[in-house]
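Participant: Provided herewith: work.cif, mmCIF, C-alpha atoms.
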```cif
data_model
loop_
_atom_site.label_atom_id
_atom_site.label_comp_id
_atom_site.auth_asym_id
_atom_site.auth_seq_id
_atom_site.Cartn_x
_atom_site.Cartn_y
_atom_site.Cartn_z
CA MET A 1 -37.04 -24.30 58.31
CA GLN A 2 -33.54 -23.86 56.93
CA LYS A 3 -31.76 -20.68 57.97
CA GLN A 4 -31.02 -18.39 55.02
CA VAL A 5 -27.33 -17.62 54.47
CA ASN A 6 -26.38 -13.95 54.22
CA TYR A 7 -23.72 -14.46 51.56
CA SER A 8 -23.00 -10.78 50.96
CA ALA A 9 -22.23 -9.94 54.59
CA LEU A 10 -20.25 -13.11 55.23
CA ILE A 11 -18.08 -12.70 52.13
CA LYS A 12 -17.29 -9.08 52.96
CA GLU A 13 -16.49 -9.93 56.58
CA LYS A 14 -14.22 -12.75 55.46
CA ARG A 15 -12.37 -10.53 52.98
CA LEU A 16 -11.87 -7.73 55.50
CA ARG A 17 -10.61 -10.13 58.17
CA MET A 18 -8.04 -11.33 55.66
CA GLY A 19 -7.02 -7.72 54.99
CA LEU A 20 -7.62 -8.01 51.25
CA CYS A 21 -9.13 -5.68 48.68
CA GLN A 22 -11.78 -7.03 46.32
CA LYS A 23 -9.24 -7.46 43.52
CA ASN A 24 -6.87 -9.56 45.64
CA PHE A 25 -9.74 -11.58 47.06
CA ALA A 26 -10.79 -12.39 43.49
CA GLN A 27 -7.22 -13.42 42.65
CA ILE A 28 -7.06 -15.85 45.56
CA LEU A 29 -10.29 -17.45 44.38
CA GLY A 30 -8.91 -17.85 40.86
CA LEU A 31 -11.58 -15.64 39.30
CA LYS A 32 -11.01 -14.33 35.80
CA SER A 33 -10.29 -10.76 34.64
CA ASN A 34 -13.71 -9.53 35.82
CA GLY A 35 -13.21 -11.14 39.23
CA GLU A 36 -13.21 -7.86 41.14
CA ARG A 37 -16.63 -7.06 39.69
CA THR A 38 -17.86 -10.53 40.68
CA VAL A 39 -16.77 -10.05 44.30
CA ARG A 40 -18.35 -6.60 44.35
CA GLY A 41 -21.59 -8.14 43.10
CA TRP A 42 -21.51 -10.76 45.85
CA GLU A 43 -20.98 -8.12 48.53
CA ASN A 44 -23.73 -5.91 47.10
CA ASN A 45 -26.10 -8.90 47.12
CA GLU A 46 -26.56 -8.68 43.33
CA HIS A 47 -25.82 -12.39 42.89
CA LYS A 48 -24.46 -15.34 44.83
CA PRO A 49 -21.41 -17.57 44.42
CA THR A 50 -21.86 -21.13 43.23
CA GLN A 51 -21.89 -23.77 45.94
CA SER A 52 -18.39 -24.94 44.95
CA LYS A 53 -17.04 -21.38 45.08
CA TRP A 54 -18.81 -20.77 48.39
CA ALA A 55 -17.12 -23.87 49.83
CA GLU A 56 -13.79 -22.49 48.61
CA ILE A 57 -14.48 -19.14 50.31
CA ILE A 58 -15.38 -20.85 53.58
CA ASN A 59 -12.11 -22.79 53.53
CA LEU A 60 -9.87 -19.77 53.00
CA HIS A 61 -7.49 -19.15 55.88
CA GLU A 62 -8.26 -15.90 57.68
CA THR A 63 -5.01 -15.53 59.56
CA ALA A 64 -1.67 -15.66 57.80
CA PRO A 65 0.92 -17.26 60.14
CA TYR A 66 3.87 -15.41 58.58
CA LYS A 67 2.31 -12.01 58.02
CA PHE A 68 4.83 -9.22 58.66
CA LYS A 69 3.80 -7.34 61.78
CA ALA A 70 3.46 -3.63 61.21
CA SER A 71 4.89 -3.05 64.68
CA SER A 72 8.13 -4.86 63.77
CA LYS A 73 11.13 -2.58 63.35
CA GLU A 74 12.55 -3.36 59.93
CA LYS A 75 16.31 -3.54 59.38
CA PHE A 76 16.19 -3.73 55.59
CA THR A 77 13.77 -4.14 52.68
CA PHE A 78 13.67 -6.78 49.97
CA ILE A 79 11.66 -8.02 47.02
CA ASP A 80 10.65 -11.62 46.34
CA LEU A 81 10.62 -12.60 42.63
CA PHE A 82 9.37 -15.90 41.20
CA ALA A 83 8.27 -16.38 44.78
CA GLY A 84 6.42 -19.70 44.66
CA ILE A 85 4.74 -20.12 48.04
CA GLY A 86 7.25 -17.86 49.82
CA GLY A 87 9.92 -20.24 51.08
CA ILE A 88 12.81 -17.90 50.36
CA ARG A 89 11.04 -14.96 52.00
CA LEU A 90 10.63 -16.43 55.47
CA PRO A 91 14.25 -16.40 56.72
CA PHE A 92 14.78 -12.85 55.49
CA GLN A 93 11.61 -11.73 57.21
CA GLU A 94 12.75 -13.46 60.41
CA LEU A 95 15.90 -11.32 60.20
CA LYS A 96 13.64 -8.23 60.41
CA GLY A 97 13.50 -7.63 56.68
CA ARG A 98 10.30 -6.23 55.18
CA CYS A 99 9.15 -7.48 51.80
CA VAL A 100 8.00 -4.54 49.68
CA PHE A 101 7.15 -6.37 46.44
CA THR A 102 6.39 -9.94 45.39
CA SER A 103 5.84 -11.55 42.01
CA GLU A 104 4.52 -15.02 41.20
CA TRP A 105 2.38 -15.87 38.16
CA ASP A 106 1.00 -19.29 39.20
CA LYS A 107 -2.49 -18.85 40.66
CA PHE A 108 -2.22 -21.87 42.97
CA ALA A 109 1.09 -20.66 44.39
CA GLN A 110 -0.45 -17.19 44.78
CA LYS A 111 -3.25 -18.65 46.88
CA THR A 112 -0.83 -20.48 49.18
CA TYR A 113 1.41 -17.41 49.41
CA ALA A 114 -1.57 -15.32 50.46
CA ALA A 115 -2.50 -17.89 53.10
CA ASN A 116 1.08 -17.78 54.43
CA TYR A 117 1.76 -14.04 54.31
CA GLY A 118 -1.59 -12.29 54.02
CA GLU A 119 -0.86 -10.71 50.65
CA VAL A 120 -1.31 -11.74 47.04
CA PRO A 121 1.79 -11.57 44.83
CA HIS A 122 1.80 -9.51 41.66
CA GLY A 123 1.50 -11.60 38.51
CA ASP A 124 3.65 -11.97 35.40
CA ILE A 125 6.91 -10.07 36.01
CA THR A 126 7.42 -9.51 32.27
CA LYS A 127 4.39 -7.20 32.30
CA ILE A 128 5.47 -5.12 35.30
CA PRO A 129 7.58 -2.01 34.53
CA THR A 130 10.62 -1.49 36.74
CA SER A 131 9.18 1.92 37.66
CA GLU A 132 6.42 0.11 39.56
CA ILE A 133 8.85 -1.91 41.69
CA PRO A 134 9.69 -0.12 44.98
CA GLU A 135 13.24 0.64 46.04
CA HIS A 136 14.75 -2.22 48.04
CA ASP A 137 17.98 -3.27 49.71
CA ILE A 138 18.00 -6.92 48.58
CA LEU A 139 16.60 -8.74 45.55
CA LEU A 140 15.61 -12.36 46.09
CA GLY A 141 14.97 -14.41 42.96
CA GLY A 142 13.94 -18.00 42.64
CA PHE A 143 13.91 -17.66 38.85
CA PRO A 144 12.41 -20.65 37.00
CA CYS A 145 15.04 -23.36 37.14
CA GLN A 146 13.34 -26.05 35.06
CA ALA A 147 14.98 -24.74 31.90
CA PHE A 148 18.41 -25.68 33.24
CA SER A 149 17.56 -28.90 35.08
CA GLN A 150 17.57 -32.51 34.01
CA ALA A 151 13.80 -32.68 34.49
CA GLY A 152 13.31 -29.66 32.26
CA LEU A 153 15.32 -31.19 29.39
CA LYS A 154 18.08 -28.62 29.94
CA LYS A 155 17.01 -26.31 27.12
CA GLY A 156 18.46 -23.30 28.93
CA PHE A 157 17.98 -19.88 27.35
CA SER A 158 16.17 -21.44 24.37
CA ASP A 159 13.34 -22.21 26.81
CA THR A 160 11.14 -19.20 27.65
CA ARG A 161 11.52 -20.03 31.34
CA GLY A 162 15.26 -19.59 30.96
CA THR A 163 14.80 -16.06 29.66
CA MET A 164 13.25 -15.09 33.00
CA PHE A 165 16.80 -14.54 34.19
CA PHE A 166 16.90 -11.41 32.06
CA GLU A 167 13.92 -10.03 33.99
CA ILE A 168 16.11 -10.19 37.09
CA GLN A 169 18.90 -8.45 35.20
CA ARG A 170 16.44 -5.72 34.15
CA ILE A 171 15.39 -5.04 37.73
CA LEU A 172 18.93 -5.18 39.10
CA ALA A 173 20.10 -2.63 36.52
CA SER A 174 17.21 -0.28 37.23
CA ASN A 175 16.84 -0.51 41.01
CA ARG A 176 20.47 -1.23 41.95
CA PRO A 177 19.90 -3.00 45.31
CA LYS A 178 22.77 -3.45 47.76
CA ALA A 179 22.72 -7.23 47.34
CA PHE A 180 20.89 -10.06 45.60
CA LEU A 181 20.41 -13.79 46.10
CA LEU A 182 19.35 -16.13 43.28
CA GLU A 183 18.24 -19.73 43.50
CA ASN A 184 20.60 -22.42 42.25
CA VAL A 185 19.54 -25.65 40.57
CA LYS A 186 21.26 -28.92 39.79
CA GLN A 187 22.71 -28.91 36.27
CA LEU A 188 23.00 -25.09 36.12
CA GLN A 189 26.79 -25.04 36.34
CA SER A 190 27.25 -27.85 33.84
CA HIS A 191 24.51 -26.82 31.42
CA ASN A 192 25.79 -26.37 27.86
CA LYS A 193 29.31 -27.32 29.03
CA GLY A 194 29.34 -24.47 31.53
CA LYS A 195 28.59 -21.76 28.99
CA THR A 196 25.15 -20.96 30.45
CA PHE A 197 26.60 -20.34 33.92
CA GLU A 198 29.40 -18.25 32.41
CA THR A 199 26.80 -16.12 30.62
CA ILE A 200 24.80 -15.60 33.80
CA THR A 201 27.79 -14.66 35.95
CA ALA A 202 29.21 -12.39 33.23
CA ILE A 203 25.92 -10.51 32.99
CA LEU A 204 25.65 -10.19 36.76
CA ARG A 205 29.16 -8.71 36.92
CA LEU A 206 28.44 -6.05 34.31
CA PRO A 207 28.77 -2.52 35.72
CA ILE A 208 25.46 -0.77 36.16
#
```
Would you mind writing the structure in this file as C-alpha cells?
Facilitator:
Amino acid sequence: MQKQVNYSALIKEKRLRMGLCQKNFAQILGLKSNGERTVRGWENNEHKPTQSKWAEIINLHETAPYKFKASSKEKFTFIDLFAGIGGIRLPFQELKGRCVFTSEWDKFAQKTYAANYGEVPHGDITKIPTSEIPEHDILLGGFPCQAFSQAGLKKGFSDTRGTMFFEIQRILASNRPKAFLLENVKQLQSHNKGKTFETITAILRLPI
C-alpha cells in the first residue's frame, strides 16, 4: 500500500525552513498574482499542487549559502538594483555590508537569487516608490546594459531598457547615499559617438 503524502505539512515545513512568507514562496515558484492564496490553500489542505509543481517544491534549496547572518556586525548598508542572481552583492556582503533592499523583475533570476541569499527580490523597480526604499549607504546598480551593447543593437535611451538608468537617478536623488557603483558594459562609452556616456555622467554629477 502506497504511503499517502501529507502535502500541506511538508509544504509549510519547507517554506518555514527557507524563512519565507507565503507570498515570497509563491514568487519563487513562479505562481501568478493569486499565488499567495494558492500556497495558503496547499498549507490548509484545501487542494494539492500538481505533480510538476510538487517536484519543483521538492527541489527548492532550503539553505541559502550566502544568506547574511543576523549575528554579523554590519559596517554599512546597501541596496542591490537590477540584481540578477546577486553577483554584485556578494563582495559587498563579504565586506560586512548588509543589503536592505533588492530589486529584480525576472522570475528565474529571482528564484536563483532566493536560493543564494534566502530572500526574494522586489519586482519591477518602476512600480516601487522611493519612499518604500530604505535608507542606505551605498547604491549598487547593474542597470540593464543590453540597450547600449552590440548584442542589444545599441539603441540606447530609445530602448526601454536604457531608460532604466533614470530609475537609478530617481533613487539617488531621493535617498542620497554616500556612494554608488554602476555596472559598465562594452560599447557604453562609444555609444552614439560618446553622447550617451556624456549624458549619463552629466546627470550623475548634477547637485542633489
Participant: Considering all atoms listed in the file, tabulate each residue of segment 18-72 of chain A that lies at most 12 Å from segment 112-120 of chain A along with its nearest interatomic pair and the corresponding distance in Å to one decimal; arrange the rows by chain and ascending residue number and present them as CSV.
Facilitator:
```
residue,atom,partner,partner_atom,distance
A:Met18,CA,A:Gly118,CA,6.7
A:Gly19,CA,A:Gly118,CA,7.2
A:Leu20,CA,A:Glu119,CA,7.3
A:Cys21,CA,A:Glu119,CA,9.9
A:Gln22,CA,A:Val120,CA,11.5
A:Lys23,CA,A:Val120,CA,9.7
A:Asn24,CA,A:Val120,CA,6.1
A:Phe25,CA,A:Val120,CA,8.4
A:Ala26,CA,A:Val120,CA,10.1
A:Gln27,CA,A:Val120,CA,7.6
A:Ile28,CA,A:Val120,CA,7.2
A:Leu29,CA,A:Ala114,CA,10.8
A:Gly30,CA,A:Val120,CA,11.5
A:Asn59,CA,A:Ala115,CA,10.8
A:Leu60,CA,A:Ala115,CA,7.6
A:His61,CA,A:Ala115,CA,5.8
A:Glu62,CA,A:Ala115,CA,7.6
A:Thr63,CA,A:Gly118,CA,7.3
A:Ala64,CA,A:Asn116,CA,4.8
A:Pro65,CA,A:Asn116,CA,5.7
A:Tyr66,CA,A:Tyr117,CA,5.0
A:Lys67,CA,A:Tyr117,CA,4.3
A:Phe68,CA,A:Tyr117,CA,7.2
A:Lys69,CA,A:Tyr117,CA,10.2
```
Participant: For Lys75 of chain A, which of A:Ile138, A:Ile128, A:Trp105, A:Asn45 is the closest residue, counting only C-alpha atoms?
Facilitator: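 The answer is A:Ile138, which sits nearest to Lys75 of chain A.
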Participant: Taking only C-alpha atoms into account, which of A:Ala179, A:Glu36, A:Thr126, A:Gly142 comes nearest Leu204 of chain A?
Facilitator: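 Nearest to Leu204 of chain A: A:Ala179.
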Participant: What would the selection look like, as a ChimeraX atom specification, if the PyMOL selection byres ((chain A and resi 72) around 12) were run on the coordinates I just shared?
Facilitator: /A:67-71,73-76,93-98
Participant: Assuming 8 Å of padding per side, give the centre and edge lengths of the axis-aligned box around every listed atom of segment 102-105 of chain A, in Å to one decimal and as lines of an AutoDock Vina configuration file.
Facilitator:
```
center_x = 4.4
center_y = -12.9
center_z = 41.8
size_x = 20.0
size_y = 21.9
size_z = 23.2
```
Participant: Name the residues captured by the PyMOL selection byres ((chain A and resi 183) around 7) when it is applied to the shown file; answer as a ChimeraX atom specification.
Facilitator: /A:141-143,181-182,184-185
Participant: Could you give me, as a list in words, the residues within 10 Å of His47 of chain A, counting only C-alpha atoms and dropping anything in the same chain fewer than 4 positions from it?
Facilitator: Tyr7, Ser8, Thr38, Val39, Arg40, Gly41, Trp42 and Glu43 of chain A
Participant: One number please: atom CA of His136 of chain A to atom CA of Phe78 of chain A, in Å, one decimal.
Facilitator: 5.1 Å
Participant: Would you mind reading off the distance between atom CA of Gly87 of chain A and atom CA of Pro121 of chain A, one decimal, in Å?
Facilitator: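 Distance between the two atoms: 13.4 Å.
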Participant: Gln51 of chain A: which residues within 12 Å, counting all atoms listed in the file, same-chain residues fewer than 4 positions away excluded, as a ChimeraX atom specification?
Facilitator: /A:5,7,55-58
